[in-house]
Amino acid sequence: MDLCKIADDFVQYLQGKGVEFNEMGFPILKREMFLEEIPEQMVPYDFRKNRIVKNPKKTLLVFYCPDARIYPRLENVLDEVSEYGEYMGAVATDVTVTSDMDQEWQDFIMLLNQLFMAVLAVNGVKIVANLRTGSWSTHKNISGVPKNVLWAAGFLGCPKDEPHDMRFISTVMLGRPSSLLIYGKEDSNAIEKLSIMGVKYLVYPDYHKARKEVA
């Protein structure tokens with residue numbers, strides 16, 4: 001799959017919808033595009049039809065899953081946009097970006113994730129920003145997201161946060177979320193830092209745990 005072609009197509013589409021971009025090429029997203037109400041559930045897109053979903057209109061769709069399951073969503077978003085409208089909203093895609101990647105590739109993947117989010121937004125789907133960054137230098141890439149809106153994070157597959165490591169909490173404080181929605185496992189060190197800094201947060205079980213709870 002040509003991710004660069006997909007990104008170019010997203011940019012052209014968004015420009016046609018009147019979306020403006022900042023000096024780094026990231027879409028400038030309006031506050032009214034973002035979800036304000038706290039969801040009752042967070043569920044991966046692939047499992048949105050599962051019986052664990054009690055009320056689609058109170059369910060936030062997420063993409064905390066392997067990249068191979070995200071790529072088809074990028075490619076087919078315009079064909080599937082009506083599907084998102086059946087739910088409360090969606091978190092930006094979570095295509096992998098890590099600090100050991102080439103710097104330009106980190107920036108590109110963060111751009112791709114935000115472009116997808118913007119495409120949903122201009123089609124009336126309420127969005128939630130994804131707190132996925134790479135190295136310190138990528139923090140600038142979240143500047144196009146308004147302050148005091150909902151953000152989401154997932155610790156599945158991520159290294160455990162260490163007491164001396166300030167990368168996670170510094171990113172949170174830079175984004176200044178109204179609340180942070182955490183999908184999946186809790187990271188005790190990260191949670192402690194959120195509490196110390198007075199950041200509101202909610203933790204939602206991952207799909208597999210949620211399915212066991214209703215079994």
# chains A, B, ... in the order shown; residues from 1 in each chain; ligands from 1

$ residues_around --residues "A:Leu202" --least-positions-apart "3" --cutoff "12 Å" --atoms "only C-alpha atoms" --output "list in words"
Ile38, Pro39, Glu40, Gln41, Met42, Leu150, Trp151, Ala152, Ala153, Gly154, Ser178, Ser179, Leu180, Leu181, Ile182, Tyr183, Gly184, Lys185, Glu186, Ile191, Leu194, Ser195, Val199 and Pro205 of chain A

$ write_last_selection --atoms "C-alpha atoms" --output "compact mmCIF listing (two decimals), in the first residue's frame"
# COMPACT_ATOMS: atom_id res chain seq x y z
CA ILE A 38 -17.51 11.12 27.63
CA PRO A 39 -18.15 7.72 25.97
CA GLU A 40 -19.46 4.69 27.82
CA GLN A 41 -17.27 2.30 25.83
CA MET A 42 -14.19 2.29 23.64
CA LEU A 150 -10.61 14.98 24.65
CA TRP A 151 -7.49 12.93 23.92
CA ALA A 152 -7.05 9.17 23.93
CA ALA A 153 -4.08 6.93 24.71
CA GLY A 154 -3.37 3.23 24.68
CA SER A 178 -10.01 18.16 28.96
CA SER A 179 -9.83 14.45 29.84
CA LEU A 180 -7.61 11.58 28.77
CA LEU A 181 -9.37 8.38 27.70
CA ILE A 182 -7.08 5.40 28.29
CA TYR A 183 -7.80 2.22 26.36
CA GLY A 184 -6.63 -1.09 27.76
CA LYS A 185 -4.13 -1.82 30.48
CA GLU A 186 -3.27 0.71 33.15
CA ILE A 191 -1.45 7.03 36.04
CA LEU A 194 -1.59 12.09 35.63
CA SER A 195 -2.93 12.25 39.18
CA VAL A 199 -5.17 15.55 34.62
CA PRO A 205 -11.04 -2.22 29.32

$ residues_around --residues "A:Glu83" --least-positions-apart "5" --cutoff "10 Å" --atoms "only C-alpha atoms" --output "list in words"
Tyr45, Arg48, Val77, Leu78 and Val125 of chain A

$ closest_residue --among "A:Val149, A:Ala121, A:Val11, A:Met166" --to "A:Gly25" --atoms "only C-alpha atoms"
A:Val11

$ residues_around --residues "A:Leu112" --least-positions-apart "6" --cutoff "9 Å" --atoms "only C-alpha atoms" --output "PyMOL selection string"
chain A and resi 3-4+6-7+10+74+93+95

$ residues_around --residues "A:Val145" --least-positions-apart "6" --cutoff "9 Å" --atoms "only C-alpha atoms" --output "number ranges by chain"
A: 27-31, 129, 175

$ residues_around --residues "A:Lys57" --least-positions-apart "6" --cutoff "8 Å" --atoms "only C-alpha atoms" --output "list in words"
Glu86, Tyr87 and Met88 of chain A

$ atom_distance --atom1 "atom CA of A:Ser137" --atom2 "atom CA of A:Gln103"
8.3 Å

$ closest_residue --among "A:Phe47, A:Phe116, A:Tyr71, A:Phe168" --to "A:Asn189" --atoms "only C-alpha atoms"
A:Phe168
